[in-house]
Structures are given as C-alpha cells and as structure tokens.
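Dumped input09.cif below, it's mmCIF, C-alpha atoms and all ligand atoms:
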```cif
data_upload
#
loop_
_atom_site.label_atom_id
_atom_site.label_comp_id
_atom_site.auth_asym_id
_atom_site.auth_seq_id
_atom_site.Cartn_x
_atom_site.Cartn_y
_atom_site.Cartn_z
CA MET N 5 110.34 77.06 112.87
CA GLY N 6 112.61 76.62 115.91
CA LYS N 7 111.62 75.67 119.42
CA CYS N 8 112.08 79.23 120.58
CA ASP N 9 109.61 80.39 117.99
CA ILE N 10 106.90 78.06 119.27
CA LEU N 11 107.50 79.16 122.86
CA LEU N 12 107.09 82.82 121.93
CA ARG N 13 103.69 82.41 120.25
CA THR N 14 101.84 82.79 123.51
CA MET N 15 99.84 86.00 123.11
CA LYS N 16 96.36 86.56 121.75
CA THR N 17 96.73 88.64 118.57
CA ILE N 18 93.64 90.47 117.30
CA THR N 19 93.39 91.28 113.58
CA MET N 20 91.22 94.20 112.44
CA LYS N 21 90.49 95.42 108.91
CA ILE N 22 91.02 99.02 107.79
CA ARG N 23 90.26 100.16 104.23
CA PRO N 24 93.60 100.64 102.45
CA ASP N 25 93.08 103.97 100.75
CA ALA N 26 90.46 105.67 102.86
CA GLY N 27 90.96 109.44 102.87
CA THR N 28 88.64 109.57 105.86
CA PHE N 29 87.74 106.76 108.21
CA ASP N 30 84.29 105.75 109.35
CA GLU N 31 83.33 105.54 113.03
CA LYS N 32 84.23 101.85 113.27
CA GLU N 33 87.68 102.41 111.76
CA GLU N 34 88.30 105.42 114.00
CA GLU N 35 87.47 103.22 116.98
CA ILE N 36 89.87 100.48 115.79
CA LEU N 37 92.67 103.01 115.27
CA ARG N 38 92.00 104.60 118.66
CA ARG N 39 92.13 101.18 120.31
CA ALA N 40 95.38 100.35 118.46
CA GLY N 41 96.88 103.67 119.58
CA LYS N 42 95.93 102.92 123.18
CA ILE N 43 97.70 99.56 122.98
CA ILE N 44 100.92 101.28 121.84
CA LYS N 45 100.59 104.04 124.49
CA GLU N 46 100.28 101.34 127.15
CA GLY N 47 103.46 99.61 125.99
CA GLY N 48 101.99 97.02 123.59
CA LEU N 49 102.79 96.23 119.94
CA VAL N 50 100.61 96.77 116.85
CA ALA N 51 101.47 95.85 113.25
CA PHE N 52 100.13 98.33 110.70
CA PRO N 53 100.25 99.09 106.97
CA THR N 54 102.43 101.88 105.60
CA GLU N 55 102.99 102.84 101.95
CA THR N 56 106.29 100.86 101.94
CA VAL N 57 105.78 97.61 103.91
CA TYR N 58 103.90 96.62 107.11
CA GLY N 59 105.51 98.02 110.27
CA LEU N 60 105.64 96.56 113.78
CA GLY N 61 104.88 99.53 116.00
CA GLY N 62 105.68 100.29 119.62
CA ASP N 63 106.16 103.51 121.61
CA ALA N 64 109.53 104.87 120.42
CA LEU N 65 110.08 106.83 123.65
CA ASN N 66 109.50 103.82 125.90
CA ARG N 67 112.57 101.61 126.29
CA ALA N 68 110.49 98.58 127.33
CA SER N 69 108.47 98.83 124.10
CA ALA N 70 111.64 98.92 122.01
CA ARG N 71 112.89 95.79 123.78
CA LYS N 72 109.58 94.07 123.07
CA ILE N 73 109.91 94.86 119.35
CA TYR N 74 113.33 93.19 119.15
CA GLU N 75 111.98 90.20 121.01
CA ALA N 76 108.90 89.80 118.81
CA LYS N 77 110.98 89.96 115.62
CA GLY N 78 113.89 87.93 116.94
CA ARG N 79 115.97 90.94 115.86
CA PRO N 80 119.51 91.66 117.13
CA SER N 81 119.28 94.62 119.52
CA ASP N 82 122.13 96.54 117.82
CA ASN N 83 119.88 97.02 114.79
CA PRO N 84 118.23 100.44 115.33
CA LEU N 85 114.53 101.18 114.76
CA ILE N 86 112.99 103.91 112.60
CA VAL N 87 110.85 106.42 114.55
CA HIS N 88 107.64 107.31 112.71
CA ILE N 89 105.96 110.68 113.24
CA CYS N 90 102.75 112.11 111.80
CA ARG N 91 103.50 115.88 111.68
CA PHE N 92 106.76 117.55 110.72
CA GLU N 93 106.87 119.74 113.84
CA ASP N 94 107.00 116.62 116.04
CA ILE N 95 110.60 116.07 114.90
CA PHE N 96 111.87 118.78 117.27
CA ARG N 97 111.23 116.65 120.35
CA ILE N 98 113.49 113.84 119.11
CA VAL N 99 116.09 115.81 117.11
CA PRO N 100 117.62 118.75 119.02
CA GLU N 101 118.94 120.56 115.96
CA VAL N 102 117.26 119.96 112.63
CA PRO N 103 119.63 120.89 109.78
CA ALA N 104 118.35 122.97 106.86
CA ALA N 105 118.87 120.00 104.53
CA ALA N 106 116.37 117.95 106.57
CA GLY N 107 113.80 120.73 106.19
CA ARG N 108 114.32 120.77 102.43
CA LEU N 109 114.03 116.99 102.14
CA ALA N 110 110.90 116.98 104.30
CA GLU N 111 109.39 119.67 102.11
CA ALA N 112 110.09 117.61 98.99
CA PHE N 113 109.42 114.02 100.12
CA TRP N 114 107.38 113.97 103.36
CA PRO N 115 104.95 112.48 103.95
CA GLY N 116 106.52 109.59 102.06
CA PRO N 117 109.03 106.74 101.83
CA LEU N 118 112.13 108.60 103.06
CA THR N 119 113.96 108.07 106.38
CA MET N 120 116.49 110.60 107.64
CA ILE N 121 119.31 109.85 110.10
CA LEU N 122 119.81 112.79 112.47
CA PRO N 123 121.40 113.46 115.89
CA LYS N 124 119.09 112.21 118.65
CA ALA N 125 117.69 114.09 121.65
CA ASP N 126 117.82 112.60 125.16
CA SER N 127 114.10 111.82 124.89
CA VAL N 128 114.91 108.89 122.58
CA PRO N 129 116.13 105.86 124.54
CA TYR N 130 119.23 103.98 123.36
CA GLU N 131 117.04 100.87 123.14
CA THR N 132 115.28 102.51 120.18
CA THR N 133 118.49 103.59 118.43
CA GLY N 134 120.43 100.39 119.05
CA GLY N 135 122.88 102.30 121.23
CA LEU N 136 123.57 105.05 118.66
CA ASP N 137 123.53 108.82 119.24
CA THR N 138 121.58 109.26 116.02
CA VAL N 139 117.92 108.55 115.31
CA ALA N 140 116.17 107.47 112.11
CA VAL N 141 112.98 109.51 111.46
CA ARG N 142 110.22 109.05 108.89
CA LEU N 143 106.83 110.67 108.26
CA PRO N 144 104.79 108.09 106.30
CA SER N 145 102.02 109.03 103.86
CA HIS N 146 99.67 106.10 104.56
CA PRO N 147 96.50 107.59 106.14
CA ALA N 148 95.94 104.72 108.61
CA ALA N 149 99.60 104.78 109.67
CA ARG N 150 99.45 108.52 110.36
CA LYS N 151 96.22 108.28 112.31
CA LEU N 152 97.61 105.41 114.36
CA ILE N 153 100.79 107.39 115.13
CA ALA N 154 98.65 110.34 116.27
CA TYR N 155 96.57 108.08 118.56
CA SER N 156 99.76 106.47 119.89
CA GLY N 157 101.21 109.70 121.25
CA GLY N 158 103.16 110.78 118.16
CA TYR N 159 106.29 108.62 118.16
CA VAL N 160 106.08 105.05 116.89
CA ALA N 161 109.20 102.90 116.49
CA ALA N 162 108.46 100.50 113.68
CA PRO N 163 110.72 98.07 111.88
CA SER N 164 109.21 95.85 109.22
CA ALA N 165 106.66 93.43 110.74
CA ASN N 166 108.46 90.20 109.74
CA LEU N 167 110.52 87.75 111.72
CA SER N 168 114.17 88.77 111.42
CA GLY N 169 115.67 87.33 108.23
CA ARG N 170 112.33 86.90 106.40
CA PRO N 171 111.19 89.16 103.54
CA SER N 172 109.31 92.25 104.77
CA PRO N 173 105.52 91.74 104.72
CA THR N 174 103.59 93.46 101.94
CA GLU N 175 100.18 92.21 103.05
CA ALA N 176 98.52 91.38 106.37
CA GLU N 177 98.48 87.63 105.69
CA TYR N 178 102.30 87.61 105.82
CA VAL N 179 102.28 89.58 109.07
CA ILE N 180 99.92 86.98 110.53
CA GLN N 181 102.26 84.16 109.43
CA ASP N 182 105.21 85.76 111.21
CA MET N 183 103.67 87.61 114.15
CA ASP N 184 100.54 85.75 115.26
CA GLY N 185 100.85 85.06 118.96
CA ARG N 186 103.76 87.48 119.42
CA ILE N 187 102.06 90.90 119.34
CA ASP N 188 98.81 92.47 120.51
CA MET N 189 97.16 93.56 117.28
CA ILE N 190 97.42 93.54 113.48
CA LEU N 191 95.74 96.21 111.36
CA ASP N 192 94.88 94.67 108.00
CA GLY N 193 94.96 97.38 105.33
CA GLY N 194 95.35 95.06 102.34
CA LYS N 195 98.33 95.09 99.99
CA VAL N 196 100.82 97.95 100.35
CA GLY N 197 101.59 100.29 97.46
CA ILE N 198 105.40 100.38 97.17
CA GLY N 199 106.47 97.02 98.56
CA LEU N 200 110.10 97.84 99.43
CA GLU N 201 111.34 99.63 102.57
CA SER N 202 112.01 103.38 102.73
CA THR N 203 115.10 105.10 101.36
CA ILE N 204 117.49 105.89 104.23
CA VAL N 205 119.69 108.99 104.00
CA ASP N 206 122.28 109.89 106.62
CA LEU N 207 122.33 113.66 107.21
CA THR N 208 124.99 113.53 109.94
CA VAL N 209 127.79 113.23 107.35
CA VAL N 210 128.99 115.61 104.61
CA PRO N 211 127.94 115.07 101.89
CA PRO N 212 124.76 113.22 102.97
CA GLN N 213 124.89 109.52 102.22
CA ILE N 214 122.28 107.02 101.05
CA LEU N 215 122.44 103.99 103.36
CA ARG N 216 119.53 102.11 101.80
CA PRO N 217 117.98 102.76 98.36
CA GLY N 218 114.20 103.00 98.11
CA HIS N 219 111.35 104.61 96.22
CA VAL N 220 112.83 108.09 96.75
CA THR N 221 115.76 107.66 94.37
CA GLN N 222 119.34 108.93 94.34
CA GLU N 223 118.40 111.27 91.46
CA MET N 224 115.47 112.70 93.45
CA LEU N 225 117.64 113.28 96.53
CA GLY N 226 120.42 114.78 94.43
CA GLY N 227 117.92 117.20 92.92
CA VAL N 228 117.22 118.64 96.39
CA LEU N 229 120.58 118.27 98.13
CA GLY N 230 123.06 118.73 95.30
CA GLU N 231 125.91 116.47 96.28
CA ILE N 232 124.99 113.03 97.59
CA ASP N 233 127.00 109.93 98.33
CA THR N 234 126.03 106.25 98.33
CA ASP N 235 127.23 103.54 100.69
CA VAL N 236 129.34 101.24 98.49
CA THR N 237 127.77 98.16 100.02
CA ILE N 238 124.36 98.95 98.46
CA LEU N 239 124.94 97.10 95.19
CA SER N 240 128.05 95.06 95.95
CA ASP N 241 129.07 92.82 98.80
CA GLY N 242 131.45 95.65 99.75
CA GLY N 243 134.53 93.42 99.70
CA GLY N 244 133.98 92.64 103.36
CA GLN N 245 133.30 96.27 104.30
CA ALA N 246 130.47 96.72 106.84
CA PRO N 247 127.38 98.67 105.66
CA LYS N 248 126.79 102.00 107.44
CA ALA N 249 123.18 101.17 108.38
CA PRO N 250 123.72 98.54 111.09
CA GLY N 251 120.68 96.56 109.91
CA MET N 252 122.00 96.19 106.38
CA LYS N 253 124.76 93.84 107.52
CA TYR N 254 122.37 91.06 108.39
CA ARG N 255 121.28 88.54 105.78
CA HIS N 256 117.91 90.15 105.27
CA TYR N 257 115.10 89.45 102.86
CA ALA N 258 116.08 85.84 102.55
CA PRO N 259 113.89 83.10 101.11
CA LYS N 260 114.48 79.58 102.48
CA GLY N 261 115.62 78.22 99.11
CA GLU N 262 119.09 78.94 97.77
CA MET N 263 118.90 81.75 95.28
CA ALA N 264 121.00 83.05 92.37
CA ILE N 265 120.54 86.00 90.00
CA VAL N 266 121.26 85.27 86.34
CA GLU N 267 122.35 88.22 84.23
CA GLY N 268 122.77 88.51 80.44
CA PRO N 269 120.78 88.57 77.18
CA ARG N 270 117.22 87.31 77.66
CA GLU N 271 117.45 84.11 75.57
CA GLN N 272 120.77 83.06 77.06
CA VAL N 273 119.46 83.65 80.57
CA ALA N 274 116.44 81.42 79.89
CA ALA N 275 118.60 78.72 78.29
CA TYR N 276 121.05 78.73 81.21
CA ILE N 277 118.30 78.62 83.83
CA ASN N 278 116.43 75.81 82.06
CA GLY N 279 119.66 73.80 81.90
CA GLN N 280 120.29 74.32 85.61
CA VAL N 281 116.68 73.44 86.43
CA GLU N 282 117.07 70.06 84.72
CA LYS N 283 120.24 69.26 86.66
CA ASP N 284 118.68 70.42 89.93
CA ARG N 285 115.66 68.19 89.33
CA LEU N 286 117.84 65.13 88.94
CA ARG N 287 119.24 65.93 92.36
CA GLY N 288 115.75 66.05 93.80
CA GLU N 289 115.55 69.84 94.16
CA ARG N 290 112.31 71.75 93.69
CA THR N 291 113.07 74.66 91.37
CA GLY N 292 111.65 78.17 91.02
CA VAL N 293 112.14 81.09 88.66
CA ILE N 294 111.41 84.79 89.26
CA CYS N 295 110.97 86.58 85.94
CA THR N 296 109.10 89.24 83.99
CA GLU N 297 106.03 88.94 81.80
CA GLU N 298 108.08 89.07 78.59
CA SER N 299 109.92 85.81 79.35
CA LEU N 300 107.31 84.03 81.48
CA ASP N 301 106.49 81.31 78.92
CA GLY N 302 110.10 80.30 78.32
CA TYR N 303 110.84 78.66 81.70
CA ARG N 304 110.49 75.00 82.63
CA ALA N 305 110.95 75.22 86.42
CA ASP N 306 108.46 73.70 88.90
CA VAL N 307 107.31 77.15 90.03
CA VAL N 308 107.53 80.25 87.81
CA LYS N 309 106.57 83.65 89.25
CA CYS N 310 106.14 86.83 87.28
CA LEU N 311 106.87 90.26 88.81
CA GLY N 312 105.20 92.24 86.03
CA ARG N 313 106.43 93.87 82.86
CA ARG N 314 110.18 94.55 82.69
CA GLU N 315 109.63 98.28 82.13
CA ASP N 316 107.22 98.50 85.09
CA GLN N 317 109.56 98.97 88.06
CA GLU N 318 106.64 99.85 90.34
CA SER N 319 105.11 96.43 89.76
CA ILE N 320 108.44 94.62 90.16
CA GLY N 321 109.09 96.40 93.49
CA ARG N 322 105.56 95.77 94.76
CA ASN N 323 105.61 92.04 93.99
CA LEU N 324 109.17 91.05 94.85
CA TYR N 325 108.82 90.13 98.55
CA SER N 326 105.52 88.38 97.98
CA MET N 327 107.12 86.19 95.27
CA LEU N 328 110.02 85.33 97.58
CA ARG N 329 107.56 84.26 100.27
CA GLN N 330 105.53 82.24 97.78
CA MET N 331 108.69 80.38 96.78
CA ASP N 332 109.02 79.37 100.45
CA ASP N 333 105.36 78.41 100.70
CA GLU N 334 105.69 76.18 97.66
CA GLY N 335 108.72 74.41 99.09
CA VAL N 336 111.15 75.62 96.42
CA THR N 337 114.76 74.75 97.28
CA ARG N 338 116.57 76.38 94.28
CA ILE N 339 115.52 79.82 93.03
CA TYR N 340 116.77 81.61 89.92
CA SER N 341 115.91 85.24 89.29
CA GLU N 342 116.35 87.44 86.27
CA SER N 343 118.33 90.65 86.84
CA PHE N 344 117.00 94.21 86.52
CA ALA N 345 118.32 97.62 85.51
CA ASP N 346 119.71 99.36 88.61
CA ARG N 347 118.59 102.86 87.64
CA GLY N 348 116.06 104.89 89.64
CA PHE N 349 113.81 102.66 91.77
CA GLY N 350 115.68 99.74 90.14
CA GLN N 351 118.54 100.43 92.56
CA ALA N 352 116.27 99.45 95.47
CA ILE N 353 114.99 96.40 93.59
CA MET N 354 118.51 95.14 92.84
CA ASN N 355 119.70 95.91 96.38
CA ARG N 356 116.98 93.67 97.90
CA LEU N 357 117.38 90.99 95.24
CA LEU N 358 121.16 90.84 95.75
CA LYS N 359 120.67 90.49 99.50
CA ALA N 360 118.08 87.76 99.04
CA ALA N 361 120.55 85.92 96.81
CA GLY N 362 123.47 86.47 99.19
CA HIS N 363 125.17 88.28 96.22
CA ARG N 364 125.28 85.13 94.07
CA VAL N 365 125.24 86.50 90.51
CA ILE N 366 125.85 84.36 87.42
CA ARG N 367 126.71 86.17 84.18
CA VAL N 368 125.91 84.42 80.91
CA GLN N 369 126.82 85.61 77.39
P1 LIG F 401 113.61 98.31 109.13
O1 LIG F 401 113.02 98.95 110.33
O2 LIG F 401 113.44 96.83 109.10
O3 LIG F 401 113.19 99.01 107.88
O4 LIG F 401 115.15 98.59 109.30
C1 LIG F 401 115.58 99.85 109.71
C2 LIG F 401 116.89 100.16 109.05
O5 LIG F 401 117.28 101.48 109.40
C3 LIG F 401 118.01 99.23 109.48
O6 LIG F 401 118.78 98.83 108.36
C4 LIG F 401 118.79 100.11 110.42
O7 LIG F 401 120.14 99.73 110.48
C5 LIG F 401 118.62 101.50 109.82
N1 LIG F 401 118.79 102.54 110.85
C6 LIG F 401 117.92 102.86 111.82
N2 LIG F 401 118.43 103.81 112.64
C7 LIG F 401 119.65 104.10 112.16
C8 LIG F 401 120.68 104.99 112.57
N3 LIG F 401 120.55 105.78 113.63
N4 LIG F 401 121.82 105.02 111.85
C9 LIG F 401 121.97 104.23 110.76
N5 LIG F 401 121.02 103.36 110.33
C10 LIG F 401 119.89 103.28 111.01
MG MG F 402 113.26 94.98 108.07
#
```

Would you put the structure from the file into structure tokens?
Ligand code: AMP
Ligand code: MG
Amino acid sequence: MGKCDILLRTMKTITMKIRPDAGTFDEKEEEILRRAGKIIKEGGLVAFPTETVYGLGGDALNRASARKIYEAKGRPSDNPLIVHICRFEDIFRIVPEVPAAAGRLAEAFWPGPLTMILPKADSVPYETTGGLDTVAVRLPSHPAARKLIAYSGGYVAAPSANLSGRPSPTEAEYVIQDMDGRIDMILDGGKVGIGLESTIVDLTVVPPQILRPGHVTQEMLGGVLGEIDTDVTILSDGGGQAPKAPGMKYRHYAPKGEMAIVEGPREQVAAYINGQVEKDRLRGERTGVICTEESLDGYRADVVKCLGRREDQESIGRNLYSMLRQMDDEGVTRIYSESFADRGFGQAIMNRLLKAAGHRVIRVQ
C-alpha cells in the first residue's frame, strides 16, 4: 500500500450485517438500511451488496458525492459511474427520452444484472458521468440494495467497492480490506450471488452494442433486441483500439502476481504449467494455479485454487475474484489459470480473466 493510501484511511467506517436473501427485513435491519440511506442523502458513502458485486454508493445527483467516490476508490475521474435505481419509473428523471428498446430490455431483465447506457438529463451531474452526455442506469434485484436506494432518495451512483485496479469485492471482508477508513459505512450481506459485474449495453448507437459482458448474455440480449453488436475489445486486446466503456481501458481486476492463461488439451495444460512452476520455483517465485475440480489433483504449484466444476459457469463466475484476491493474500508472484469456453456467461468469465492476465495467453498442443 502506498503512502497516499495510508493518509486516506482517516474515517471511522461502521460495518453492519444484513441477511443476504431476506425477502423482508426485520425492524433492526430496516433501521440499519434507513440509517445507511440517510448517510447517502447527506453526501456520505456506503458500500452495499448487490447480486453482482459489492457497490460503493453515493448520491448520483450530488456532484460532491461523485467526487468522493472517485477519491475513495482512487479511481480516475473520467471513468463514469453506474446510477442505480429501485423502480423503473425513476428512470425518467435521469433519462429525458427512454427508447422503446430500453423498455423492452427492462421488461425482460430488470431488476437484474444489466446496465443500459442512455442519453442523460441535466439532473445528472457530469461528475457522475465522467464528463459524458450519456448515463449508465441499472435496477438491481438484490433486496437490500433496492431498499437502500429507496432510503437514499432513489439515485445511487455505485461503482464496485474495491480500490481501483483490485478485483471487485464479492464479500464484505474484501470491502473492509479496501475501504476501511475511507467511507462511512459497509453493509455486510455475505457472499454475492453472481460475482462478476453487470452486462453493459449501449443503447445510444444502432445497433445496440455490448460494452461489457455479464450474466445477461449476448444471446439473451439478442433474443429481445434482434440485432446486437459487441465491442471488439471484449475478448481481445483490440490491437490498440480503445474500449467504448471508458472504464474498460484501465488494467482492472488485477492480482498482484503476474498472471498467464494456459489454453489447450487438459493434460498438456497441466504438464506445461507444472513445468513452468518448477522453473519459477528455482527463481524463488511463489506459484499459484487457478483450475477446475476435474484437474485439481494434477497441479504441483504452491497454491492451487479450484473455481468449481468446468461445466458450472455460475460457480466459476462466483469464485473468480475471490480466488484472485486469495492469490494476493498468499503472496503468490506467478499465477497460471486454465482457460474457459467463452459462450454464454463464459464470455464474461473470459473477459475478466483476460484483463486480470493483461491478455497473456499461452497455447499448448
Ligand atoms: P463499475 O462501476 O466498476 O462496474 O464500472 C462501471 C463501468 O461502466 C465502467 O467500465 C464505465 O466505463 C462504464 N460506464 C459507465 N457509464 C458509462 C457511459 N455513460 N458510457 C459508457 N460506459 C459507461
Ligand atoms: Mg469496478
């Protein structure tokens, strides 16, 4: 951690527990959520669980709050924030003209892990949109998130609640690691369900374009919209081309160790990785492998982490960021990961993995 980081940990951060899947909240939880909402209304910051990852929430219509979010995360201020709402009709205050396609997508996938880029109304400060004339809007499904948004006045700007450049937090413990002393409150709702950030679709272009893959897949969006495009930088390094979502250009989701993805038939992948691990060891590196249950026993690295069964994309997505953080915690300096099919939700998994590895892919035969 840098000097700057130590200097910024000057606030008292309160952590409060909320049951993760409560359909209704008890009196104590209501009180906690009301208190959290009041903090946001008064210009403070609260980290909270959503179905994707933990968010770092501030009042989206208050420019000072948006500035505070960038500061707490150490995030570049040209990287726009997603505005979270809790009822569809609230969109009309921040988007002057809602296209029919947005209505259809909302009908199909809201509440849920889908973010839409739309033209912004004057009510949304440029601090929230990173200077853009468009705004990113999402209506999450997590009950505590929605209640918090309602208590906060209806519009909560919330990027992932990690320090910029770290993997997004999938449980409160990781939020505490990154944000303790930098924000007012953390709502601890346990482990999140999806584990990767929302799908982002840009509806200001024709045809609409996916800027970030997520749990709502290209196939699902295509089923509602018909024609849909994908930003070429999603699964390649784009040959130097800048991604369309400003935030996607930064080296996100990065573990501290140097990481490579190894692709090929299972046995050859294991043989290659084990060979590398031996060489790395001689150089004094601490090695780690990210793999699936099927191949777990075949690796000889210092730390071996399993994401779940290869066929179980939900489990792989849910565990990925946590495994990357655990590699850091265990002091791993060289990480090798198996590769995954990039179909369906696998597109989001491979997108995050490729970013974590800085697009280093080794193909073995
Ligand atoms: P995070 O909040 O960490 O999930 O990151 C939000 C992502 O949404 C970043 O990659 C942003 O670049 C992207 N985003 C937010 N607003 C816009 C916008 N108006 N246009 C394009 N991308 C956006
Ligand atoms: Mg993020």

Write out as a list in words which residues come within 6 Å of segment 43-48 of chain N when counting all atoms listed in the file, dropping same-chain ones fewer than 4 positions away. Gly62, Asp63, Ser69 and Ser156 of chain N

Throw together the list of residues within 8 Å of ligand MG 402 (chain F), counting all atoms listed in the file, and drop it here as an MDAnalysis selection string. chainID N and resid 163:166 168 171:172 201 251 256:257

Keeping C-alpha atoms for every residue in the selection just given, could you write it to a file as a short mmCIF file (atom, residue, chain, number, x, y, z; two decimals), in the frame of the given file?
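In the end it all went to result16.cif:
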```
data_model
loop_
_atom_site.label_atom_id
_atom_site.label_comp_id
_atom_site.auth_asym_id
_atom_site.auth_seq_id
_atom_site.Cartn_x
_atom_site.Cartn_y
_atom_site.Cartn_z
CA PRO N 163 110.72 98.07 111.88
CA SER N 164 109.21 95.85 109.22
CA ALA N 165 106.66 93.43 110.74
CA ASN N 166 108.46 90.20 109.74
CA SER N 168 114.17 88.77 111.42
CA PRO N 171 111.19 89.16 103.54
CA SER N 172 109.31 92.25 104.77
CA GLU N 201 111.34 99.63 102.57
CA GLY N 251 120.68 96.56 109.91
CA HIS N 256 117.91 90.15 105.27
CA TYR N 257 115.10 89.45 102.86
#
```

Pull the closest atom pair for each residue of chain N that gets at most 6 Å from ligand LIG 401 (chain F), along with the distance in Å to one decimal, counting all atoms listed in the file, ordering rows by chain and then ascending residue number, as CSV.
```
residue,atom,partner,partner_atom,distance
N:Asn83,CA,F:LIG401,O7,5.1
N:Pro84,CA,F:LIG401,C6,4.3
N:Leu85,CA,F:LIG401,C6,4.8
N:Ile86,CA,F:LIG401,C6,5.1
N:Ile121,CA,F:LIG401,N3,5.5
N:Thr133,CA,F:LIG401,N3,5.7
N:Leu136,CA,F:LIG401,N3,5.9
N:Thr138,CA,F:LIG401,N3,4.3
N:Val139,CA,F:LIG401,N3,4.2
N:Ala140,CA,F:LIG401,N2,4.3
N:Ala162,CA,F:LIG401,O1,5.9
N:Pro163,CA,F:LIG401,O1,2.9
N:Ser164,CA,F:LIG401,O2,4.3
N:Glu201,CA,F:LIG401,O3,5.7
N:Ala249,CA,F:LIG401,N5,3.6
N:Pro250,CA,F:LIG401,O7,3.8
N:Gly251,CA,F:LIG401,O7,3.3
N:Met252,CA,F:LIG401,O6,4.6
```

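For the choices N:Gly321, N:Pro53, N:Gly292, N:Pro259, the atom-to-atom distance to Gly362 of chain N is smallest for N:Pro259 when using only C-alpha atoms.
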
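Between Gly78 of chain N and the residues N:Lys42, N:Glu33, N:Arg170, N:Phe113, the shortest atom-to-atom distance, using all atoms listed in the file, involves N:Arg170.
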